[in-house]
$ cat final_29.cif   # mmCIF, C-alpha atoms
data_query
loop_
_atom_site.label_atom_id
_atom_site.label_comp_id
_atom_site.auth_asym_id
_atom_site.auth_seq_id
_atom_site.Cartn_x
_atom_site.Cartn_y
_atom_site.Cartn_z
CA MET A 1 109.23 14.29 21.66
CA PRO A 2 108.17 11.88 18.91
CA ARG A 3 104.83 11.87 17.16
CA THR A 4 103.67 8.82 19.15
CA HIS A 5 104.17 10.66 22.45
CA ALA A 6 102.18 13.67 21.21
CA LEU A 7 99.35 11.37 20.14
CA ALA A 8 99.38 9.70 23.57
CA VAL A 9 99.31 13.05 25.41
CA ILE A 10 96.40 14.42 23.37
CA SER A 11 94.50 11.13 23.64
CA ALA A 12 95.01 11.16 27.43
CA TYR A 13 93.74 14.76 27.53
CA TYR A 14 90.50 13.76 25.80
CA ASP A 15 90.14 10.52 27.78
CA ALA A 16 90.29 12.66 30.94
CA PHE A 17 87.75 15.10 29.46
CA ASN A 18 85.28 12.31 28.72
CA ALA A 19 85.79 10.87 32.22
CA GLY A 20 85.12 14.29 33.79
CA GLU A 21 88.59 14.27 35.33
CA THR A 22 89.61 17.88 34.82
CA ALA A 23 92.58 17.58 37.21
CA ALA A 24 94.02 14.87 34.94
CA MET A 25 93.60 17.22 31.96
CA GLU A 26 95.32 20.04 33.84
CA ALA A 27 98.24 17.74 34.78
CA LEU A 28 99.08 17.47 31.06
CA LEU A 29 99.60 21.24 30.68
CA SER A 30 102.86 23.18 30.74
CA ASP A 31 103.36 26.01 33.22
CA ASP A 32 103.15 28.56 30.38
CA PHE A 33 99.96 27.04 28.95
CA GLU A 34 97.65 29.19 26.78
CA HIS A 35 93.99 28.43 26.06
CA HIS A 36 92.81 30.15 22.89
CA VAL A 37 89.04 30.00 22.79
CA ASN A 38 86.56 30.25 19.94
CA GLU A 39 85.13 33.47 21.40
CA GLY A 40 86.82 35.69 23.98
CA GLN A 41 90.22 36.35 25.47
CA ILE A 42 93.21 34.01 25.71
CA ARG A 43 93.43 32.29 29.09
CA ARG A 44 97.02 32.11 30.28
CA GLY A 45 98.24 29.60 32.86
CA VAL A 46 96.93 26.42 34.42
CA GLU A 47 94.96 28.29 37.12
CA ALA A 48 92.94 30.20 34.51
CA PHE A 49 92.22 26.90 32.74
CA ARG A 50 91.20 25.32 36.05
CA ALA A 51 88.68 28.14 36.61
CA PHE A 52 87.39 27.65 33.05
CA ASN A 53 86.93 23.92 33.67
CA ALA A 54 84.98 24.59 36.88
CA HIS A 55 82.70 26.98 34.99
CA MET A 56 82.19 24.52 32.13
CA THR A 57 81.41 21.65 34.54
CA ARG A 58 78.75 23.81 36.20
CA CYS A 59 77.09 24.91 32.93
CA TYR A 60 77.56 21.94 30.59
CA ARG A 61 77.80 18.16 30.57
CA GLU A 62 79.68 17.05 27.46
CA HIS A 63 81.03 13.87 25.94
CA LEU A 64 83.21 13.80 22.84
CA ALA A 65 82.69 11.16 20.16
CA ASP A 66 84.25 10.29 16.81
CA LEU A 67 87.61 11.60 18.05
CA VAL A 68 90.49 11.65 15.56
CA VAL A 69 93.91 12.83 16.77
CA MET A 70 96.79 13.77 14.46
CA ALA A 71 100.34 14.98 15.16
CA ASN A 72 103.38 16.13 13.23
CA ASP A 73 106.47 13.92 13.10
CA ALA A 74 108.35 16.10 15.60
CA GLY A 75 105.53 15.76 18.14
CA THR A 76 105.35 19.51 18.65
CA ARG A 77 101.97 20.14 16.99
CA ALA A 78 98.76 18.16 17.05
CA ALA A 79 95.12 18.46 16.06
CA ALA A 80 91.89 16.72 17.00
CA GLU A 81 88.50 16.57 15.35
CA PHE A 82 85.45 15.38 17.27
CA VAL A 83 81.72 15.73 17.83
CA VAL A 84 80.49 17.23 21.10
CA HIS A 85 77.37 15.62 22.56
CA GLY A 86 76.21 17.89 25.35
CA THR A 87 73.56 19.03 27.75
CA TYR A 88 73.18 22.70 28.68
CA LEU A 89 72.78 22.60 32.48
CA GLU A 90 73.02 26.18 33.79
CA THR A 91 72.63 29.47 31.94
CA ASP A 92 75.98 30.86 30.85
CA ASP A 93 76.44 34.66 30.84
CA GLY A 94 75.23 36.28 27.63
CA LEU A 95 73.84 33.03 26.19
CA PRO A 96 70.33 31.61 25.91
CA GLU A 97 68.61 30.29 29.04
CA ALA A 98 69.56 26.75 30.03
CA ARG A 99 66.70 24.27 30.34
CA GLY A 100 68.59 21.00 29.99
CA GLN A 101 68.74 21.27 26.20
CA GLY A 102 70.82 18.73 24.33
CA TYR A 103 73.15 19.61 21.48
CA VAL A 104 75.45 17.90 18.99
CA LEU A 105 78.24 20.06 17.63
CA PRO A 106 81.25 19.29 15.42
CA ALA A 107 84.46 20.85 16.77
CA GLY A 108 88.20 20.76 16.49
CA SER A 109 91.28 21.73 18.45
CA PHE A 110 94.88 22.55 17.62
CA PHE A 111 97.73 21.95 20.05
CA SER A 112 101.32 22.96 20.63
CA LEU A 113 103.43 20.64 22.78
CA LYS A 114 106.69 21.41 24.55
CA ASP A 115 108.80 19.14 26.77
CA GLY A 116 106.10 16.47 26.72
CA LYS A 117 103.30 18.79 27.86
CA ILE A 118 100.54 20.76 26.15
CA SER A 119 101.55 24.42 25.90
CA ARG A 120 98.60 25.65 23.81
CA VAL A 121 95.14 24.50 22.83
CA THR A 122 92.96 26.41 20.37
CA THR A 123 89.40 25.14 19.98
CA TYR A 124 86.91 25.99 17.24
CA TYR A 125 83.20 25.29 16.90
CA ASN A 126 80.22 27.00 15.33
CA LEU A 127 78.75 29.14 18.12
CA ALA A 128 75.78 30.20 15.95
CA ASP A 129 74.91 26.52 15.41
CA TRP A 130 75.11 25.85 19.16
CA ILE A 131 72.86 28.87 19.91
CA ARG A 132 70.37 27.66 17.31
CA GLN A 133 70.29 24.20 18.90
CA VAL A 134 69.68 25.44 22.45
CA SER A 135 67.29 28.32 21.64
#
$ encode --input "final_29.cif" --output "structure tokens"
Amino acid sequence: MPRTHALAVISAYYDAFNAGETAAMEALLSDDFEHHVNEGQIRRGVEAFRAFNAHMTRCYREHLADLVVMANDAGTRAAAEFVVHGTYLETDDGLPEARGQGYVLPAGSFFSLKDGKISRVTTYYNLADWIRQVS
């Protein structure tokens, strides 16, 4: 898979995210997909990611801006940097109470791609900064 295909897949993933079309995001994932999160356990499989997306949609409304996507020449690895503009809608377990607080948070993700699909995404952000913004 060439670099241009990897860039198109990752761009489509984030276009779907910004449109709130989680099923379109999930369609870009391989069967052996792994979601490595900033805090917590690795989610394995599309079904676990689908459950995560449902949870996130209930608790947060987010839009990504200033997106930059990069990929290696082989199209097997990619990265994205962006700024999350969000609203905290419903209290998430173990986190501060939600009262519709807004937040702006720089973040980044790393991807592995296999056979034209995303096989891994690892996302990083500053949780302490997010907690400060919503507290």
$ atom_distance --input "final_29.cif" --atom1 "atom CA of Met1 of chain A" --atom2 "atom CA of Leu29 of chain A"
14.9 Å
$ resolve_selection --input "final_29.cif" --expression "the PyMOL selection byres ((chain A and resi 59-72) around 6)" --output "list of chain:residue names"
A:Arg3, A:Asn18, A:Met56, A:Thr57, A:Arg58, A:Asp73, A:Ala74, A:Gly75, A:Arg77, A:Ala78, A:Ala79, A:Ala80, A:Glu81, A:Phe82, A:Val83, A:Val84, A:His85, A:Gly86, A:Thr87, A:Tyr88, A:Leu89, A:Glu90
$ atom_distance --input "final_29.cif" --atom1 "atom CA of Leu113 of chain A" --atom2 "atom CA of Thr76 of chain A"
4.7 Å
$ resolve_selection --input "final_29.cif" --expression "the PyMOL selection byres ((chain A and resi 13) around 9)" --output "list of chain:residue names"
A:Ala8, A:Val9, A:Ile10, A:Ser11, A:Ala12, A:Tyr14, A:Asp15, A:Ala16, A:Phe17, A:Asn18, A:Thr22, A:Ala24, A:Met25, A:Glu26, A:Leu28
$ resolve_selection --input "final_29.cif" --expression "the PyMOL selection byres ((chain A and resi 97) around 12)" --output "ChimeraX atom specification"
/A:59,88-96,98-101,131,133-135
$ atom_distance --input "final_29.cif" --atom1 "atom CA of Arg132 of chain A" --atom2 "atom CA of Ala54 of chain A"
24.6 Å
$ residues_around --input "final_29.cif" --residues "Asn126 of chain A" --least-positions-apart "5" --cutoff "10 Å" --atoms "all atoms listed in the file" --output "ChimeraX atom specification"
/A:38,105-107,131
$ residues_around --input "final_29.cif" --residues "segment 31-33 of chain A" --least-positions-apart "3" --cutoff "8 Å" --atoms "all atoms listed in the file" --output "list of chain:residue names"
A:Arg44, A:Gly45, A:Val46, A:Ile118, A:Ser119, A:Arg120
$ write_last_selection --input "final_29.cif" --atoms "C-alpha atoms" --output "compact mmCIF listing (two decimals), in the frame of the given file"
# COMPACT_ATOMS: atom_id res chain seq x y z
CA ARG A 44 97.02 32.11 30.28
CA GLY A 45 98.24 29.60 32.86
CA VAL A 46 96.93 26.42 34.42
CA ILE A 118 100.54 20.76 26.15
CA SER A 119 101.55 24.42 25.90
CA ARG A 120 98.60 25.65 23.81
$ residues_around --input "final_29.cif" --residues "Glu39 of chain A" --least-positions-apart "3" --cutoff "12 Å" --atoms "only C-alpha atoms" --output "list in words"
His35, His36, Ile42, Arg43, Thr122, Thr123, Tyr124, Tyr125, Asn126, Leu127 and Ala128 of chain A
$ write_last_selection --input "final_29.cif" --atoms "C-alpha atoms" --output "mmCIF file, in the frame of the given file"
data_model
loop_
_atom_site.group_PDB
_atom_site.id
_atom_site.type_symbol
_atom_site.label_atom_id
_atom_site.label_comp_id
_atom_site.auth_asym_id
_atom_site.auth_seq_id
_atom_site.Cartn_x
_atom_site.Cartn_y
_atom_site.Cartn_z
ATOM 1 C CA HIS A 35 93.990 28.430 26.060
ATOM 2 C CA HIS A 36 92.810 30.150 22.890
ATOM 3 C CA ILE A 42 93.210 34.010 25.710
ATOM 4 C CA ARG A 43 93.430 32.290 29.090
ATOM 5 C CA THR A 122 92.960 26.410 20.370
ATOM 6 C CA THR A 123 89.400 25.140 19.980
ATOM 7 C CA TYR A 124 86.910 25.990 17.240
ATOM 8 C CA TYR A 125 83.200 25.290 16.900
ATOM 9 C CA ASN A 126 80.220 27.000 15.330
ATOM 10 C CA LEU A 127 78.750 29.140 18.120
ATOM 11 C CA ALA A 128 75.780 30.200 15.950
#
$ decode --input "final_29.cif" --residues "segment 103-114 of chain A" --atoms "all heavy atoms" --output "tab-separated table (two decimals), in the first residue's frame"
chain	number	residue	atom	x	y	z
A	103	TYR	N	-13.55	22.38	26.15
A	103	TYR	CA	-12.11	22.18	26.30
A	103	TYR	C	-11.45	22.22	24.92
A	103	TYR	O	-12.08	21.98	23.90
A	103	TYR	CB	-11.79	20.86	27.01
A	103	TYR	CG	-12.45	19.63	26.43
A	103	TYR	CD1	-11.82	18.87	25.46
A	103	TYR	CD2	-13.72	19.24	26.85
A	103	TYR	CE1	-12.42	17.76	24.93
A	103	TYR	CE2	-14.33	18.12	26.33
A	103	TYR	CZ	-13.68	17.38	25.37
A	103	TYR	OH	-14.28	16.27	24.83
A	104	VAL	N	-10.17	22.58	24.94
A	104	VAL	CA	-9.34	22.60	23.74
A	104	VAL	C	-8.05	21.89	24.12
A	104	VAL	O	-7.37	22.30	25.07
A	104	VAL	CB	-9.05	24.04	23.26
A	104	VAL	CG1	-8.12	24.04	22.06
A	104	VAL	CG2	-10.36	24.77	22.95
A	105	LEU	N	-7.72	20.82	23.40
A	105	LEU	CA	-6.65	19.93	23.84
A	105	LEU	C	-5.82	19.44	22.66
A	105	LEU	O	-6.36	18.78	21.77
A	105	LEU	CB	-7.29	18.73	24.55
A	105	LEU	CG	-6.41	17.82	25.36
A	105	LEU	CD1	-5.81	18.55	26.56
A	105	LEU	CD2	-7.22	16.63	25.84
A	106	PRO	N	-4.53	19.76	22.61
A	106	PRO	CA	-3.68	19.19	21.57
A	106	PRO	C	-3.58	17.67	21.76
A	106	PRO	O	-3.56	17.18	22.89
A	106	PRO	CB	-2.32	19.84	21.81
A	106	PRO	CG	-2.56	20.98	22.74
A	106	PRO	CD	-3.80	20.66	23.51
A	107	ALA	N	-3.52	16.94	20.65
A	107	ALA	CA	-3.42	15.48	20.72
A	107	ALA	C	-2.73	14.95	19.48
A	107	ALA	O	-2.51	15.68	18.51
A	107	ALA	CB	-4.82	14.86	20.86
A	108	GLY	N	-2.41	13.68	19.52
A	108	GLY	CA	-1.80	13.03	18.38
A	108	GLY	C	-2.08	11.54	18.40
A	108	GLY	O	-2.37	10.97	19.45
A	109	SER	N	-2.03	10.94	17.23
A	109	SER	CA	-2.26	9.50	17.10
A	109	SER	C	-1.23	8.90	16.17
A	109	SER	O	-0.75	9.54	15.23
A	109	SER	CB	-3.66	9.21	16.53
A	109	SER	OG	-4.67	9.59	17.44
A	110	PHE	N	-0.91	7.64	16.44
A	110	PHE	CA	-0.01	6.85	15.61
A	110	PHE	C	-0.79	5.64	15.10
A	110	PHE	O	-1.59	5.06	15.84
A	110	PHE	CB	1.21	6.40	16.41
A	110	PHE	CG	2.01	7.55	16.93
A	110	PHE	CD1	1.83	8.02	18.22
A	110	PHE	CD2	2.93	8.18	16.11
A	110	PHE	CE1	2.56	9.10	18.70
A	110	PHE	CE2	3.67	9.26	16.58
A	110	PHE	CZ	3.48	9.72	17.87
A	111	PHE	N	-0.54	5.26	13.85
A	111	PHE	CA	-1.29	4.21	13.20
A	111	PHE	C	-0.37	3.16	12.59
A	111	PHE	O	0.71	3.48	12.11
A	111	PHE	CB	-2.13	4.78	12.04
A	111	PHE	CG	-3.17	5.75	12.46
A	111	PHE	CD1	-2.87	7.09	12.64
A	111	PHE	CD2	-4.48	5.34	12.66
A	111	PHE	CE1	-3.84	8.00	13.02
A	111	PHE	CE2	-5.46	6.24	13.04
A	111	PHE	CZ	-5.14	7.58	13.23
A	112	SER	N	-0.85	1.92	12.58
A	112	SER	CA	-0.30	0.87	11.74
A	112	SER	C	-1.38	0.51	10.74
A	112	SER	O	-2.58	0.50	11.08
A	112	SER	CB	0.05	-0.38	12.57
A	112	SER	OG	1.09	-0.11	13.46
A	113	LEU	N	-0.98	0.25	9.50
A	113	LEU	CA	-1.92	-0.13	8.45
A	113	LEU	C	-1.48	-1.44	7.84
A	113	LEU	O	-0.29	-1.69	7.68
A	113	LEU	CB	-2.00	0.95	7.38
A	113	LEU	CG	-2.55	2.28	7.88
A	113	LEU	CD1	-1.43	3.27	8.13
A	113	LEU	CD2	-3.54	2.85	6.90
A	114	LYS	N	-2.46	-2.28	7.50
A	114	LYS	CA	-2.18	-3.58	6.92
A	114	LYS	C	-3.28	-3.90	5.92
A	114	LYS	O	-4.47	-3.76	6.23
A	114	LYS	CB	-2.15	-4.63	8.04
A	114	LYS	CG	-1.86	-6.03	7.60
A	114	LYS	CD	-1.68	-6.98	8.77
A	114	LYS	CE	-2.97	-7.06	9.56
A	114	LYS	NZ	-2.94	-8.00	10.65
